[in-house]
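work07.txt follows (compact mmCIF, C-alpha atoms):
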# COMPACT_ATOMS: atom_id res chain seq x y z
CA MET A 1 113.03 -53.09 17.47
CA ASP A 2 109.94 -51.85 15.72
CA ARG A 3 108.43 -49.68 18.45
CA GLN A 4 105.04 -49.71 16.74
CA THR A 5 104.69 -53.51 16.70
CA GLY A 6 107.22 -54.67 19.29
CA ARG A 7 108.79 -56.93 16.67
CA HIS A 8 112.42 -56.90 15.68
CA ARG A 9 113.37 -55.75 12.24
CA GLN A 10 115.98 -57.57 10.20
CA PRO A 11 119.36 -55.81 10.37
CA ARG A 12 120.54 -54.07 7.25
CA SER A 13 124.06 -53.23 6.14
CA ALA A 14 125.56 -49.76 6.28
CA CYS A 15 124.51 -49.30 2.65
CA THR A 16 121.27 -47.56 3.67
CA ALA A 17 123.11 -45.03 5.82
CA MET A 18 125.76 -44.58 3.12
CA ALA A 19 123.14 -43.99 0.44
CA LEU A 20 121.26 -41.44 2.52
CA ALA A 21 124.46 -39.68 3.54
CA SER A 22 125.54 -39.56 -0.11
CA MET A 23 122.21 -38.13 -1.28
CA LEU A 24 122.24 -35.49 1.44
CA ALA A 25 125.84 -34.68 0.65
CA LEU A 26 124.76 -33.64 -2.85
CA ALA A 27 122.45 -31.00 -1.36
CA PRO A 28 123.83 -27.54 -0.60
CA VAL A 29 125.32 -27.19 2.85
CA MET A 30 122.76 -25.46 5.07
CA SER A 31 123.37 -23.47 8.20
CA VAL A 32 121.55 -24.56 11.33
CA SER A 33 121.16 -20.94 12.35
CA ALA A 34 117.37 -20.75 11.94
CA GLY A 35 116.26 -20.49 15.55
CA ALA A 36 119.57 -21.86 16.85
CA ALA A 37 120.62 -18.44 18.17
CA GLU A 38 117.44 -18.29 20.23
CA PRO A 39 117.48 -19.87 23.70
CA ARG A 40 116.23 -23.42 24.04
CA VAL A 41 112.53 -23.93 24.56
CA PRO A 42 112.17 -24.04 28.36
CA LEU A 43 111.00 -27.17 30.14
CA PRO A 44 110.24 -27.78 33.81
CA ALA A 45 112.90 -29.40 35.95
CA PRO A 46 112.42 -32.31 36.25
CA PHE A 47 110.18 -33.07 33.27
CA SER A 48 108.25 -36.00 31.87
CA MET A 49 107.64 -37.06 28.28
CA ALA A 50 105.30 -39.65 26.79
CA TYR A 51 104.78 -41.14 23.36
CA TYR A 52 101.18 -41.34 22.18
CA GLU A 53 100.58 -44.34 19.92
CA SER A 54 98.14 -42.84 17.41
CA TRP A 55 97.05 -46.25 16.10
CA SER A 56 95.71 -47.13 19.57
CA GLU A 57 93.28 -44.21 19.66
CA LEU A 58 89.56 -44.85 20.05
CA PRO A 59 87.85 -44.78 16.64
CA GLY A 60 84.90 -42.55 15.87
CA VAL A 61 85.10 -40.27 18.91
CA SER A 62 85.11 -36.47 19.16
CA GLY A 63 88.29 -34.55 19.97
CA PRO A 64 87.59 -33.97 23.68
CA ASP A 65 86.70 -37.68 24.10
CA THR A 66 89.96 -39.03 22.67
CA LEU A 67 92.64 -40.78 24.67
CA LEU A 68 95.03 -38.06 23.54
CA ALA A 69 92.86 -35.37 25.15
CA ALA A 70 92.91 -37.43 28.37
CA THR A 71 96.72 -37.34 28.63
CA PRO A 72 97.59 -36.76 32.30
CA ALA A 73 98.07 -33.05 32.99
CA HIS A 74 101.40 -33.74 34.72
CA VAL A 75 102.99 -34.84 31.42
CA ASP A 76 105.20 -32.04 30.09
CA VAL A 77 105.93 -33.25 26.54
CA LEU A 78 103.70 -35.48 24.40
CA ALA A 79 105.03 -36.93 21.14
CA VAL A 80 102.37 -38.02 18.63
CA GLY A 81 103.69 -41.00 16.69
CA PHE A 82 104.38 -41.25 13.82
CA ALA A 83 104.52 -39.25 10.60
CA LYS A 84 106.53 -40.46 7.61
CA PRO A 85 109.70 -38.57 6.67
CA ASP A 86 108.48 -38.52 3.06
CA LEU A 87 104.97 -37.51 4.04
CA VAL A 88 102.55 -35.92 1.61
CA TYR A 89 100.46 -33.19 3.23
CA ARG A 90 98.42 -30.86 1.06
CA GLY A 91 96.59 -29.09 3.86
CA ASP A 92 93.07 -28.98 5.26
CA LEU A 93 94.04 -31.49 7.99
CA ASN A 94 93.91 -34.35 5.49
CA LEU A 95 96.10 -37.03 7.10
CA ASP A 96 96.11 -39.33 4.05
CA GLY A 97 99.74 -39.69 3.04
CA THR A 98 101.18 -38.39 6.33
CA GLY A 99 101.79 -41.79 7.89
CA ILE A 100 99.91 -40.92 11.08
CA GLN A 101 97.76 -43.97 11.74
CA VAL A 102 95.14 -42.40 14.00
CA PRO A 103 91.62 -43.80 13.40
CA VAL A 104 90.02 -40.35 13.51
CA SER A 105 90.11 -37.43 11.11
CA GLY A 106 92.75 -34.74 11.14
CA GLN A 107 90.12 -32.29 12.34
CA VAL A 108 89.35 -34.50 15.34
CA LEU A 109 93.08 -34.87 16.06
CA ALA A 110 93.48 -31.10 16.03
CA GLU A 111 90.47 -30.75 18.33
CA ALA A 112 91.98 -33.35 20.67
CA ILE A 113 95.24 -31.40 20.89
CA ALA A 114 93.30 -28.20 21.54
CA ALA A 115 91.24 -29.89 24.26
CA LEU A 116 94.39 -31.23 25.92
CA LYS A 117 96.02 -27.80 25.88
CA THR A 118 92.92 -26.23 27.40
CA ARG A 119 93.16 -28.68 30.30
CA ALA A 120 96.99 -28.64 30.49
CA PRO A 121 98.14 -25.27 29.08
CA SER A 122 101.85 -25.86 29.69
CA ILE A 123 102.09 -29.19 27.83
CA ARG A 124 104.08 -29.25 24.59
CA VAL A 125 102.72 -31.50 21.86
CA LEU A 126 105.20 -32.68 19.23
CA ILE A 127 104.67 -34.58 16.00
CA SER A 128 107.16 -37.43 15.88
CA VAL A 129 108.54 -38.16 12.42
CA GLY A 130 110.26 -41.41 11.50
CA GLY A 131 110.75 -44.01 14.19
CA SER A 132 111.53 -47.66 13.63
CA GLY A 133 108.32 -48.08 11.64
CA TYR A 134 109.45 -45.52 9.05
CA MET A 135 113.17 -46.14 8.74
CA THR A 136 113.16 -45.45 5.01
CA GLY A 137 111.99 -42.33 3.22
CA TRP A 138 114.54 -39.94 4.72
CA SER A 139 116.08 -39.18 1.33
CA LEU A 140 112.68 -37.63 0.46
CA TYR A 141 112.22 -35.93 3.82
CA ASP A 142 109.84 -32.97 3.44
CA PRO A 143 110.23 -30.67 6.46
CA ALA A 144 108.10 -27.95 4.82
CA ALA A 145 105.11 -30.30 4.60
CA LEU A 146 105.76 -31.48 8.14
CA ALA A 147 105.89 -27.90 9.39
CA ARG A 148 102.53 -27.15 7.75
CA LEU A 149 101.04 -30.23 9.43
CA VAL A 150 102.45 -29.22 12.82
CA ARG A 151 100.95 -25.74 12.57
CA ASP A 152 97.59 -26.93 11.25
CA LEU A 153 97.26 -29.43 14.09
CA GLY A 154 98.13 -26.80 16.67
CA ALA A 155 101.21 -28.71 17.80
CA ASP A 156 104.36 -27.18 19.28
CA GLY A 157 107.16 -28.76 17.28
CA ILE A 158 108.82 -31.91 15.99
CA ASP A 159 110.36 -35.04 17.48
CA LEU A 160 113.00 -35.89 14.85
CA ASP A 161 113.14 -39.68 15.20
CA TYR A 162 115.81 -40.64 12.65
CA GLU A 163 116.71 -44.29 13.37
CA PRO A 164 119.09 -45.68 10.74
CA ALA A 165 119.37 -49.46 10.75
CA ASP A 166 123.15 -49.16 10.62
CA PRO A 167 124.73 -45.73 11.11
CA GLY A 168 128.05 -46.88 9.63
CA CYS A 169 130.20 -46.08 12.66
CA GLN A 170 133.95 -46.56 12.99
CA SER A 171 135.20 -47.14 16.51
CA ALA A 172 137.96 -45.08 18.06
CA GLU A 173 140.20 -48.15 17.96
CA ALA A 174 139.53 -48.79 14.27
CA ARG A 175 140.17 -45.13 13.45
CA ARG A 176 143.16 -44.91 15.78
CA GLY A 177 141.57 -41.75 17.04
CA PRO A 178 139.94 -40.48 20.23
CA THR A 179 136.31 -41.06 19.32
CA VAL A 180 133.72 -42.76 17.13
CA VAL A 181 132.79 -41.23 13.77
CA CYS A 182 129.70 -42.33 11.82
CA LEU A 183 128.42 -41.88 8.29
CA THR A 184 125.21 -40.49 9.74
CA ASP A 185 126.92 -37.60 11.58
CA THR A 186 126.52 -35.30 8.57
CA THR A 187 123.03 -36.70 7.95
CA TRP A 188 121.97 -35.48 11.39
CA THR A 189 123.47 -32.05 10.71
CA ARG A 190 121.51 -31.63 7.50
CA LEU A 191 118.24 -33.05 8.87
CA ILE A 192 118.39 -30.62 11.79
CA ALA A 193 119.27 -27.69 9.52
CA ARG A 194 116.38 -28.40 7.16
CA THR A 195 113.96 -28.94 10.04
CA ARG A 196 114.93 -25.70 11.74
CA ALA A 197 114.69 -23.78 8.47
CA ALA A 198 111.07 -24.92 8.15
CA LEU A 199 110.19 -24.67 11.84
CA PRO A 200 112.36 -22.16 13.74
CA ARG A 201 112.05 -21.44 17.42
CA PRO A 202 109.92 -20.92 19.42
CA MET A 203 108.79 -24.24 17.90
CA MET A 204 110.41 -27.13 19.74
CA LEU A 205 112.80 -29.70 18.28
CA ALA A 206 113.40 -32.92 20.19
CA VAL A 207 115.79 -35.71 19.23
CA PRO A 208 115.43 -39.35 20.38
CA ALA A 209 118.83 -40.98 20.91
CA TRP A 210 119.96 -44.60 20.67
CA SER A 211 120.67 -46.36 23.97
CA THR A 212 124.41 -46.81 23.33
CA GLY A 213 124.79 -43.72 21.16
CA ALA A 214 127.03 -41.84 23.62
CA TYR A 215 129.33 -44.79 24.35
CA GLY A 216 132.64 -45.46 22.62
CA THR A 217 134.79 -42.61 23.90
CA GLY A 218 136.36 -41.26 27.08
CA ASP A 219 135.15 -42.85 30.31
CA PHE A 220 132.56 -44.80 28.29
CA LEU A 221 134.97 -46.24 25.73
CA ASN A 222 134.27 -49.90 26.50
CA ASP A 223 130.77 -49.82 27.98
CA ARG A 224 128.49 -52.71 27.15
CA PRO A 225 126.68 -53.94 25.22
CA PRO A 226 128.58 -53.54 21.93
CA SER A 227 126.29 -52.25 19.20
CA PRO A 228 126.44 -50.91 15.63
CA HIS A 229 124.95 -47.73 17.17
CA THR A 230 127.74 -47.28 19.73
CA GLY A 231 128.89 -43.68 19.39
CA SER A 232 126.27 -42.80 16.79
CA MET A 233 125.12 -39.74 18.78
CA LEU A 234 128.53 -38.38 19.76
CA TRP A 235 128.03 -35.64 17.17
CA LEU A 236 125.98 -33.92 19.90
CA GLY A 237 129.26 -33.07 21.61
CA ARG A 238 131.14 -32.10 18.44
CA ASP A 239 128.65 -30.31 16.18
CA ARG A 240 127.89 -27.32 18.36
CA GLU A 241 125.70 -25.55 15.82
CA ALA A 242 123.45 -28.56 15.25
CA ALA A 243 123.29 -29.32 18.98
CA ALA A 244 122.35 -25.70 19.72
CA ALA A 245 119.30 -26.07 17.47
CA VAL A 246 117.99 -29.01 19.56
CA ASP A 247 115.80 -28.34 22.58
CA MET A 248 115.82 -31.74 24.27
CA VAL A 249 117.23 -35.26 23.87
CA SER A 250 115.44 -38.44 24.97
CA ILE A 251 117.44 -41.63 25.38
CA MET A 252 115.74 -44.78 24.08
CA ALA A 253 117.20 -46.62 27.06
CA TYR A 254 115.47 -49.92 26.38
CA ALA A 255 115.84 -53.03 24.19
CA GLY A 256 119.50 -53.01 25.18
CA GLY A 257 119.70 -56.52 26.61
CA PRO A 258 120.50 -57.70 30.16
CA ALA A 259 123.95 -56.02 30.22
CA PHE A 260 122.67 -52.53 29.43
CA GLN A 261 122.62 -50.03 32.31
CA PRO A 262 120.23 -47.13 31.60
CA GLU A 263 121.62 -44.72 34.19
CA ARG A 264 125.12 -45.32 32.86
CA ALA A 265 123.83 -44.33 29.43
CA PHE A 266 122.35 -41.18 30.98
CA ASP A 267 125.79 -40.33 32.39
CA ALA A 268 127.36 -40.83 28.96
CA TYR A 269 124.87 -38.50 27.27
CA ARG A 270 125.20 -35.92 30.03
CA ALA A 271 128.94 -35.84 29.33
CA ILE A 272 128.27 -34.55 25.79
CA TRP A 273 124.90 -32.76 26.09
CA ASP A 274 124.09 -30.06 28.64
CA GLY A 275 120.43 -29.50 27.71
CA PRO A 276 117.22 -31.22 28.83
CA LEU A 277 117.81 -34.97 28.84
CA ALA A 278 115.19 -37.66 29.37
CA LEU A 279 115.86 -41.30 30.22
CA GLY A 280 113.42 -43.50 28.33
CA LEU A 281 111.52 -46.49 29.70
CA ILE A 282 109.40 -48.95 27.72
CA VAL A 283 106.20 -50.64 28.85
CA PRO A 284 107.14 -54.20 29.91
CA PRO A 285 108.16 -56.73 28.93
CA ASP A 286 111.35 -55.59 27.24
CA PRO A 287 111.86 -57.83 24.16
CA THR A 288 115.61 -58.20 24.81
CA GLY A 289 115.39 -59.30 28.43
CA GLN A 290 116.43 -55.93 29.85
CA THR A 291 114.88 -55.35 33.25
CA VAL A 292 112.00 -52.87 33.32
CA PRO A 293 111.54 -51.32 36.78
CA ASP A 294 108.31 -51.81 38.68
CA MET A 295 106.31 -48.92 40.10
CA ALA A 296 108.52 -48.60 43.17
CA GLY A 297 111.64 -48.75 41.02
CA ILE A 298 110.31 -46.04 38.72
CA ARG A 299 109.56 -43.78 41.70
CA ASP A 300 113.11 -44.29 42.99
CA LEU A 301 114.59 -43.63 39.53
CA ALA A 302 112.51 -40.47 39.16
CA ALA A 303 113.64 -39.24 42.58
CA ARG A 304 117.30 -39.75 41.63
CA LEU A 305 116.89 -37.96 38.30
CA ALA A 306 114.95 -35.12 39.94
CA ALA A 307 118.14 -34.26 41.79
CA ARG A 308 120.05 -33.81 38.52
CA ASP A 309 120.09 -30.75 36.31
CA LEU A 310 117.62 -30.60 33.39
CA ALA A 311 116.73 -34.29 33.76
CA GLY A 312 113.54 -36.11 32.89
CA ILE A 313 111.95 -39.46 32.09
CA MET A 314 110.31 -40.55 28.84
CA ILE A 315 107.73 -43.34 28.66
CA TYR A 316 107.13 -45.36 25.49
CA GLY A 317 104.25 -45.68 25.08
CA MET A 318 101.56 -43.97 27.05
CA LEU A 319 98.76 -46.30 25.93
CA GLY A 320 100.78 -49.51 26.25
CA THR A 321 99.58 -52.34 28.46
CA PRO A 322 101.64 -55.43 29.39
CA PRO A 323 100.18 -58.94 29.22
CA GLY A 324 97.71 -59.29 32.05
CA GLY A 325 96.63 -55.67 31.98
CA GLY A 326 99.27 -54.04 34.19
CA ASP A 327 99.94 -54.12 37.92
CA PRO A 328 102.53 -52.56 40.25
CA SER A 329 105.12 -55.19 39.32
CA SER A 330 104.52 -54.86 35.58
CA PRO A 331 102.93 -51.46 35.02
CA SER A 332 101.09 -50.02 32.03
CA GLY A 333 102.19 -46.81 30.36
CA MET A 334 99.71 -44.74 32.35
CA MET A 335 100.84 -46.37 35.60
CA MET A 336 104.48 -45.66 34.72
CA LEU A 337 103.68 -41.99 34.12
CA GLN A 338 101.96 -41.83 37.49
CA ALA A 339 105.01 -43.36 39.19
CA VAL A 340 107.25 -40.80 37.46
CA CYS A 341 105.05 -37.97 38.73
CA GLU A 342 105.11 -39.38 42.26
CA GLY A 343 108.88 -39.85 42.16
CA PHE A 344 109.28 -36.24 41.04
CA GLY A 345 107.26 -35.18 44.06
CA GLY A 346 104.27 -34.03 42.05
CA GLU A 347 101.18 -32.87 43.91
CA THR A 348 98.58 -33.69 41.24
CA CYS A 349 99.45 -37.25 40.20
Using structure tokens, write down the structure from this file.
Amino acid sequence: MDRQTGRHRQPRSACTAMALASMLALAPVMSVSAGAAEPRVPLPAPFSMAYYESWSELPGVSGPDTLLAATPAHVDVLAVGFAKPDLVYRGDLNLDGTGIQVPVSGQVLAEAIAALKTRAPSIRVLISVGGSGYMTGWSLYDPAALARLVRDLGADGIDLDYEPADPGCQSAEARRGPTVVCLTDTTWTRLIARTRAALPRPMMLAVPAWSTGAYGTGDFLNDRPPSPHTGSMLWLGRDREAAAAVDMVSIMAYAGGPAFQPERAFDAYRAIWDGPLALGLIVPPDPTGQTVPDMAGIRDLAARLAARDLAGIMIYGMLGTPPGGGDPSSPSGMMMLQAVCEGFGGETC
């Protein structure tokens, strides 16, 4: 699903993933050591994350008057969506060519981030690169330009949102082996290595993960629904160096259809990833018919996750509003964030 428009994109063959993997394979093998030896960027336990849809910002306002600057102070991680992987950024906060669709200048965006951090000093603001709206362009990924943009905006890191249309996975059964292997496994390794080389710790690196990406092996061998992305994130449990360079993982636990069970997906990811892990929720309605919890359900979910180690909830997107404007049975993004805070036992929700 195109998370920027809510529309489904036409499926593509594995050729895109194969082409990108081949192009990256021609590049020298890079170590992921830049910043990987440092401890992970700390987050509260539990923690909340929200995506800020830059195209929904108010036009023509000053930084402190933006919707971004008004992000609730109880949000721990804010991802600004979305920059292009093949962005062009020459400096001076000129956003032309970056892909970020905010209707204000780069200077105003930087001022908005600064205003938010003044009001909520502990929040971490990430620039999200890629997403379903920018599925191509990864062969020309420019992490150096992205790192310059992150620093100029006063952000705290990158949300590496690589979403291949088809990761080219082979199931354990097809391979006659114990687990799924995908063409994009090495792509992830190289993207993380290049990102960390340009933006080492203490800058933060977050990775969004496909709903079924940890299925296809072990206790989750036959979990539903079947998907081309089943097992596409199992590299997190195999590639220890790449995984050590990541600070948090957020599960895009939506658009999975009626059979998908988000907390089961959380269990599958927890089996391969011991770091901060957020379960993602989308503003209703879900386009595939998957149930989106109401306010009471979100509070209950947050309370259950609060009892687990290094767990959190991600909301996509913060500025989203369902048809009808949002109510307790079909909440807006802001209402969902409030319910998460209340479920976590927050005192300033």
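For Gly216 in chain A, the set of protein, DNA and RNA residues having any atom at most 8 Å away, when counting all atoms listed in the file and skipping those fewer than 6 positions along the same chain, is Ser171, Ala172, Thr179, Val180, Asn222, Asp223, Thr230 and Gly231 of chain A.
The nearest approach to Ala243 in chain A among the residues A:Asp185, A:Ala278, A:Phe220, A:Gln338, with only C-alpha atoms taken into account, belongs to A:Asp185.
Considering the residues A:Met204, A:Val249, A:Val88, A:Cys341 and counting only C-alpha atoms, Asp161 in chain A has its shortest atom-to-atom contact with A:Val249.
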Can you check which parts of range 69-174 of chain A lie within 12 Å of range 315-328 of chain A? Per residue, the shortest pair of atoms and distance in Å to one decimal, counting all atoms listed in the file, sorted by chain and number, as a Markdown table.
| residue | atom | partner | partner_atom | distance |
| --- | --- | --- | --- | --- |
| A:Ala70 | CA | A:Leu319 | CA | 10.9 |
| A:Thr71 | CA | A:Met318 | CA | 8.4 |
| A:Pro72 | CA | A:Met318 | CA | 9.8 |
| A:Val75 | CA | A:Ile315 | CA | 10.1 |
| A:Asp76 | CA | A:Ile315 | CA | 11.7 |
| A:Val77 | CA | A:Ile315 | CA | 10.5 |
| A:Leu78 | CA | A:Met318 | CA | 9.1 |
| A:Ala79 | CA | A:Gly317 | CA | 9.6 |
| A:Val80 | CA | A:Gly317 | CA | 10.2 |
| A:Gly81 | CA | A:Gly317 | CA | 9.6 |
| A:Gly131 | CA | A:Tyr316 | CA | 11.9 |
Atomic distance CA of Pro64 in chain A - CA of Leu95 in chain A, expressed in Å with one decimal: 18.9 Å
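As for CA of Ala339 in chain A and CA of Asp156 in chain A, they are spaced 25.7 Å apart.
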Distance of CA of Pro44 in chain A from CA of Leu236 in chain A, expressed in Å to one decimal place: 21.9 Å
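When only C-alpha atoms are used to compute distances to Ala302 in chain A, the closest of the residues A:Gly154, A:Pro143, A:Gly343, A:Gly60 turns out to be A:Gly343.
Shortest atom-to-atom contact with Gly275 in chain A among A:Ala45, A:Val340, A:Ala83, A:Cys349: A:Ala45, counting all atoms listed in the file.
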Selection: 12 Å around Arg148 in chain A, only C-alpha atoms, excl. self and same-chain fewer than 3 positions, as a PyMOL selection string: chain A and resi 87-95+98+127+142-145+151-158+195+198-199
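Proximity ranking of A:Ile123, A:Cys182, A:Ala69, A:Ala271 relative to Met49 in chain A places A:Ile123 first, based on only C-alpha atoms.
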Protein/DNA/RNA residues near (123.9, -40.8, 32.6), cut 10 Å, all atoms listed in the file, as an NGL selection string: :A and (214 or 251 or 261-271 or 277-279 or 305 or 308 or 311)
